[in-house]
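**Q** Handing you this structure, nothing more for now.
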Amino acid sequence: MGWTEPKNCFVPICEIIAVEETEFNKKQRNIGRWQKMAKLHAFTVHYVKKARNHRWRCSDATFWSVDEHLCNQWTQALKELLEMQKSRPKQLLVYINPYGGKRQGKRIYEQKVAPLFSLASISTDVVITEHANHAKDNLFEVNIYKYDGVVCVGGDGMFSEVMHGLIGRMQKDSGIDQNNPKASLVQCNIRIGIIPAGSTDCICYSTVGISDPVTSALHIIVGDCQPLDVSSVHHNNTFLKYSVSLLGYGFYGDILKDSEKKRWMGPMRYDYSGFKTFLSHHYYEGTIAYQPAKHTHGSPRDQESCRTGCYICKQSGKQLAEQNKERGLKHEEGEEEWKVIKGKFLAINAVNMSCACPRSPKGLSPAAHLADGSADLILVRKCSRFDFLRYLVRHTNQDDQFDFPFVDVYRVKCFQFTSKLSEDNESNVMDIGKKRFGQFCRDHPACCCNIVNSTWNCDGETLDSSAIEVRVHCQLIKLFARGIEEDCKDEAAHSQSSIEQLL
Ligand SMILES: Nc1ncnc2c1ncn2[C@@H]1O[C@H](COP(=O)(O)OP(=O)(O)OP(=O)(O)O)[C@@H](O)[C@H]1O
Ligand SMILES: CCCCCCCCCCCCC/C=C/[C@@H](O)[C@H](CO)NC(C)=O
Ligand SMILES: [Ca+2]
């Protein structure tokens, strides 16, 4: 049997995309002495080729022989091996936001993703969304259980919609009240795939290592599975939203609020509003109370980051399974101590994952874990503009962004925030003058002290309330991803189950 380039092809079965009988085109291939022989039979193996920077591409190798039976045996054997890859999806529900990011979602899906799904024999039901919340609402109506996964083509906002639809549907079907902040939520086993076509694409970047539609499509095809923590956000026993990436008050909340008015600018809106918000340099007073996560969950100051097969996340998964076994689905609130911090903050950021994205490749909290059941709470206190700029710049280089006297970071399992304004209003509801007219500090007009509230940025969407109660739900959802790989090339070279072995 012969084969085309590459000469030394070594592919784990789990990285084969498809195997198909091929019409062997002698003219296109330099097959030397084989050309003189009788009819050739061939099959092509399409497989994942790992390139630099976590990028995956689809490559192929064609094998040929004069022996038709041998060719058929090979094709059959490989197809059977592929059938045995039980984690691979066969049927997907796809939502495309045609207006996300640079408005390329539909084109990206049709040109780059759909051909790969079809090659891998994945059948799809595709919905092109017509308005915000279309995907979320639709997930409450369709028979989600017939799908192996739901794919969203868009940005973090689109992912958030699909996640809310799926989690909400699971709780509804299980009779769980989402308004109860202490409810043990039911895990969602229908995986979500993200084809990045948004402005930040932070969730895709932080779970795959790159924001690239073809790479993400291939992770879906090979059936990867990455559990993910989700935070629930409540106000006064009312459910507000779920968050998987950033819950940001102050700086990131103000950027979002301003940028929403500039959606027409596309992804550039964040740079424009970011610059504006940086210049405004507003800080906000408030109180944070949090319960620390167990020290076994590492620390936000760790040097090691969460990577594929992360030990800390695996241990958290085991603990979660044991807890669920022990007490059924009943949740018992731990008696751990609450820590309270009052202050003036330029930014309060709670992140369930690193929040790495093309703008900040190591993210807001480089050592945060995808699936450890905790969030990193970052408090940036009032400081000078210059110091705040130094802090921001460190998100883009190798220096430690937590190594400043005005920055504190804690690993937490839950927290609450109340702004000074709402505290004051609660203690003196009659002080309407202050509420309505005291927009800026009257004592110090130039001091940037802001006695209005900021807005919470919840994965790119604003929240209506500034006073919130947040709880991390360990591994509530699953993605078609595997976390960021340490070194793709080495892993491929050491795999045991390969075509080369078969040959
Ligand atoms: N057809 C539609 N028309 C208008 N809005 C939509 C439509 N479909 C989805 N949306 C909404 O658009 C919002 C933003 O979409 P998306 O996240 O895809 O792009 P983005 O905001 O540019 O990217 P990012 O979230 O990464 O910053 C989502 O919150 C979603 O609810
Ligand atoms: C002068 C240089 C300043 C560079 C500052 C770089 C910091 C960038 C950090 C970006 C983190 C983004 C976290 C992700 C948030 C998403 O949930 C959300 C929705 O897509 N995006 C934004 C921008 O709010
Ligand atoms: Ca986490």
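Labels used: A, B, ... for chains in the order of the structure tokens, numbers from 1 for residues in each chain, and numbers from 1 for ligands as shown.
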Contacts of Glu80 (chain A) at 12 Å or less, counting only C-alpha atoms, minus same-chain residues fewer than 6 places along, as a list of chain:residue names?
**A**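 Answer for this query is A:Ile13, A:Ala18, A:Val19, A:Gln73, A:Trp74, A:Lys86.
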**Q** Do you have, as JSON lines, the list of residues of chain A lying at most 8 Å from ligand 3, each with its nearest atom pair and that distance in Å to one decimal, counting only C-alpha atoms and all ligand atoms and ordered by chain then number?
**A**
{"residue": "A:Leu228", "atom": "CA", "partner": "ligand 3", "partner_atom_place_in_ligand_line": "1 (Ca)", "distance": 7.4}
{"residue": "A:Asp229", "atom": "CA", "partner": "ligand 3", "partner_atom_place_in_ligand_line": "1 (Ca)", "distance": 5.4}
{"residue": "A:Val230", "atom": "CA", "partner": "ligand 3", "partner_atom_place_in_ligand_line": "1 (Ca)", "distance": 8.0}
{"residue": "A:Val351", "atom": "CA", "partner": "ligand 3", "partner_atom_place_in_ligand_line": "1 (Ca)", "distance": 7.4}
{"residue": "A:Asn352", "atom": "CA", "partner": "ligand 3", "partner_atom_place_in_ligand_line": "1 (Ca)", "distance": 4.1}
{"residue": "A:Met353", "atom": "CA", "partner": "ligand 3", "partner_atom_place_in_ligand_line": "1 (Ca)", "distance": 5.2}
{"residue": "A:Ala368", "atom": "CA", "partner": "ligand 3", "partner_atom_place_in_ligand_line": "1 (Ca)", "distance": 5.9}
{"residue": "A:His369", "atom": "CA", "partner": "ligand 3", "partner_atom_place_in_ligand_line": "1 (Ca)", "distance": 4.3}
{"residue": "A:Leu370", "atom": "CA", "partner": "ligand 3", "partner_atom_place_in_ligand_line": "1 (Ca)", "distance": 4.5}
{"residue": "A:Ala371", "atom": "CA", "partner": "ligand 3", "partner_atom_place_in_ligand_line": "1 (Ca)", "distance": 5.0}
{"residue": "A:Asp372", "atom": "CA", "partner": "ligand 3", "partner_atom_place_in_ligand_line": "1 (Ca)", "distance": 4.9}
{"residue": "A:Gly373", "atom": "CA", "partner": "ligand 3", "partner_atom_place_in_ligand_line": "1 (Ca)", "distance": 5.2}
{"residue": "A:Ser374", "atom": "CA", "partner": "ligand 3", "partner_atom_place_in_ligand_line": "1 (Ca)", "distance": 4.4}
{"residue": "A:Ala375", "atom": "CA", "partner": "ligand 3", "partner_atom_place_in_ligand_line": "1 (Ca)", "distance": 4.8}
{"residue": "A:Asp376", "atom": "CA", "partner": "ligand 3", "partner_atom_place_in_ligand_line": "1 (Ca)", "distance": 7.4}
{"residue": "A:Val472", "atom": "CA", "partner": "ligand 3", "partner_atom_place_in_ligand_line": "1 (Ca)", "distance": 7.8}
{"residue": "A:Cys474", "atom": "CA", "partner": "ligand 3", "partner_atom_place_in_ligand_line": "1 (Ca)", "distance": 7.6}
**Q** Ranking A:Trp264, A:Tyr109, A:Phe10, A:Tyr272 by minimum distance to Lys49 (chain A) and counting only C-alpha atoms, which one comes first?
**A**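 The answer is A:Phe10, which sits nearest to Lys49 (chain A).
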**Q** Counting only C-alpha atoms and all ligand atoms, which residues of chain A fall within 7 Å of ligand 1, and what is the closest atom pair for each with its distance in Å at one decimal, ordered by chain and rising number, as a Markdown table?
**A**
| residue | atom | partner | partner_atom_place_in_ligand_line | distance |
| --- | --- | --- | --- | --- |
| A:Asn97 | CA | ligand 1 | 8 (N) | 4.3 |
| A:Pro98 | CA | ligand 1 | 1 (N) | 5.9 |
| A:Tyr99 | CA | ligand 1 | 2 (C) | 5.8 |
| A:Gly100 | CA | ligand 1 | 19 (O) | 3.4 |
| A:Gly101 | CA | ligand 1 | 22 (O) | 3.4 |
| A:Thr129 | CA | ligand 1 | 1 (N) | 4.3 |
| A:Glu130 | CA | ligand 1 | 1 (N) | 3.7 |
| A:His131 | CA | ligand 1 | 2 (C) | 3.7 |
| A:Ala132 | CA | ligand 1 | 6 (C) | 3.8 |
| A:Asn133 | CA | ligand 1 | 31 (O) | 5.1 |
| A:His134 | CA | ligand 1 | 8 (N) | 6.6 |
| A:Val153 | CA | ligand 1 | 18 (O) | 7.0 |
| A:Gly154 | CA | ligand 1 | 18 (O) | 3.5 |
| A:Gly155 | CA | ligand 1 | 17 (O) | 3.4 |
| A:Asp156 | CA | ligand 1 | 25 (O) | 3.6 |
| A:Gly157 | CA | ligand 1 | 17 (O) | 3.1 |
| A:Met158 | CA | ligand 1 | 17 (O) | 4.1 |
| A:Phe159 | CA | ligand 1 | 17 (O) | 6.6 |
| A:Ser160 | CA | ligand 1 | 29 (O) | 7.0 |
| A:Glu161 | CA | ligand 1 | 31 (O) | 5.8 |
| A:Ala197 | CA | ligand 1 | 18 (O) | 6.5 |
| A:Gly198 | CA | ligand 1 | 23 (O) | 3.5 |
| A:Ser199 | CA | ligand 1 | 23 (O) | 3.8 |
| A:Thr200 | CA | ligand 1 | 26 (O) | 3.8 |
| A:Asp201 | CA | ligand 1 | 26 (O) | 4.2 |
| A:Cys202 | CA | ligand 1 | 26 (O) | 6.6 |
| A:Gly266 | CA | ligand 1 | 22 (O) | 6.3 |
| A:Pro267 | CA | ligand 1 | 22 (O) | 6.1 |
| A:Gly460 | CA | ligand 1 | 25 (O) | 5.6 |
| A:Glu461 | CA | ligand 1 | 29 (O) | 6.8 |
**Q** If you run DSSP on this backbone, which residues of region 4-195 of chain A come out as strand (DSSP E or B), and could you give them as a ChimeraX atom specification?
**A** /A:12,16-22,41-50,56-65,91-96,123-128,149-154,191-195
**Q** Would you please work out which residue, of A:Val233, A:Cys414, A:Cys14, A:Leu279, is nearest to ligand 2 when using only C-alpha atoms and all ligand atoms?
**A**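 Among the listed residues, the smallest separation from ligand 2 belongs to A:Leu279.
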**Q** Please give me, as a ChimeraX atom specification, the residues lying within 7 Å of ligand 2 when counting only C-alpha atoms and all ligand atoms.
**A** /A:155-157,199-202,245-246,252,256,270,355-357,359-360,363-364,389,392-393,395-396,457-460
**Q** Please measure the separation of CA of Gln475 (chain A) and CA of Asp212 (chain A), giving the value in Å to one decimal.
**A**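 Computed distance, CA of Gln475 (chain A) to CA of Asp212 (chain A), equals 24.2 Å.
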**Q** Neighbours of Met163 (chain A) within 9 Å (only C-alpha atoms; same-chain residues fewer than 6 positions away dropped), as number ranges by chain?
**A** A: 136, 192, 242, 477
**Q** Output C-alpha atoms for every residue in that selection, as a PDB file, in the first residue's frame.
**A**
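What landed in again-v4.pdb:
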ATOM      1  CA  LYS A 136     -32.296  31.638  24.729  1.00  0.00           C
ATOM      2  CA  ILE A 192     -21.843  23.909  24.279  1.00  0.00           C
ATOM      3  CA  TYR A 242     -25.216  33.643  35.252  1.00  0.00           C
ATOM      4  CA  ILE A 477     -21.815  23.297  32.306  1.00  0.00           C
TER       5      ILE A 477
END
**Q** I'd like to know which residues of region 186-312 of chain A are helix (DSSP H, G or I) (by DSSP, run on the backbone); could you write them as an MDAnalysis selection string?
**A** chainID A and resid 202:208 213:221 251:260 263:265 268:280 295:297 311:312
**Q** Excluding Tyr311 (chain A) and residues on its chain fewer than 3 positions from it, collect all residues at most 12 Å away from it, counting only C-alpha atoms, and give them as a count of residues only.
**A** 17
**Q** In Å, how far is it from CA of Gly309 (chain A) to CA of Glu83 (chain A)?
**A**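 Separating CA of Gly309 (chain A) from CA of Glu83 (chain A) is a distance of 24.2 Å.
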**Q** As a list in words, please: the residues near His41 (chain A) (cut-off 9 Å, only C-alpha atoms, same-chain neighbours under 3 positions excluded).
**A**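 Surrounding residues, per the criterion: Glu21, Thr22, Glu23, Phe24, Phe63, Trp64, Ser65, Val66, Asp67, Glu68, Cys71 and Asn72 of chain A.
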**Q** Please dump the current selection as a compact mmCIF listing (two decimals), in the first residue's frame; keep N, CA and C atoms.
**A**
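part32.txt written:
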# COMPACT_ATOMS: atom_id res chain seq x y z
N GLU A 21 -13.69 6.87 1.01
CA GLU A 21 -13.17 6.27 -0.21
C GLU A 21 -12.86 7.41 -1.18
N THR A 22 -11.79 7.27 -1.93
CA THR A 22 -11.38 8.38 -2.80
C THR A 22 -11.19 7.88 -4.23
N GLU A 23 -11.55 8.74 -5.17
CA GLU A 23 -11.20 8.50 -6.56
C GLU A 23 -9.74 8.88 -6.68
N PHE A 24 -8.89 7.94 -6.99
CA PHE A 24 -7.47 8.30 -7.03
C PHE A 24 -7.13 8.99 -8.33
N PHE A 63 -4.28 7.09 0.96
CA PHE A 63 -3.59 5.80 0.88
C PHE A 63 -4.15 5.06 -0.33
N TRP A 64 -3.28 4.37 -1.11
CA TRP A 64 -3.80 3.66 -2.27
C TRP A 64 -3.18 2.27 -2.39
N SER A 65 -3.90 1.45 -3.16
CA SER A 65 -3.43 0.08 -3.38
C SER A 65 -4.12 -0.45 -4.64
N VAL A 66 -3.51 -1.44 -5.25
CA VAL A 66 -4.18 -2.11 -6.38
C VAL A 66 -5.20 -3.10 -5.83
N ASP A 67 -5.04 -3.42 -4.56
CA ASP A 67 -5.91 -4.43 -3.94
C ASP A 67 -7.16 -3.75 -3.36
N GLU A 68 -8.26 -3.86 -4.07
CA GLU A 68 -9.49 -3.20 -3.64
C GLU A 68 -9.96 -3.70 -2.28
N CYS A 71 -8.03 -2.18 0.54
CA CYS A 71 -8.48 -0.79 0.74
C CYS A 71 -9.79 -0.75 1.53
N ASN A 72 -10.71 -1.62 1.12
CA ASN A 72 -12.01 -1.67 1.81
C ASN A 72 -11.86 -2.07 3.27
**Q** Counting only C-alpha atoms, which residue out of A:Arg394, A:Lys257, A:His282, A:His234 sits closest to Lys362 (chain A)?
**A**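 Using only C-alpha atoms, the shortest distance to Lys362 (chain A) belongs to A:Arg394.
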**Q** My list of candidates is A:Lys382, A:Arg107, A:His54, A:Arg301. Which is closest to Thr207 (chain A) when distances are computed with only C-alpha atoms?
**A**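 Residue with the minimum atom-to-atom distance to Thr207 (chain A): A:His54.
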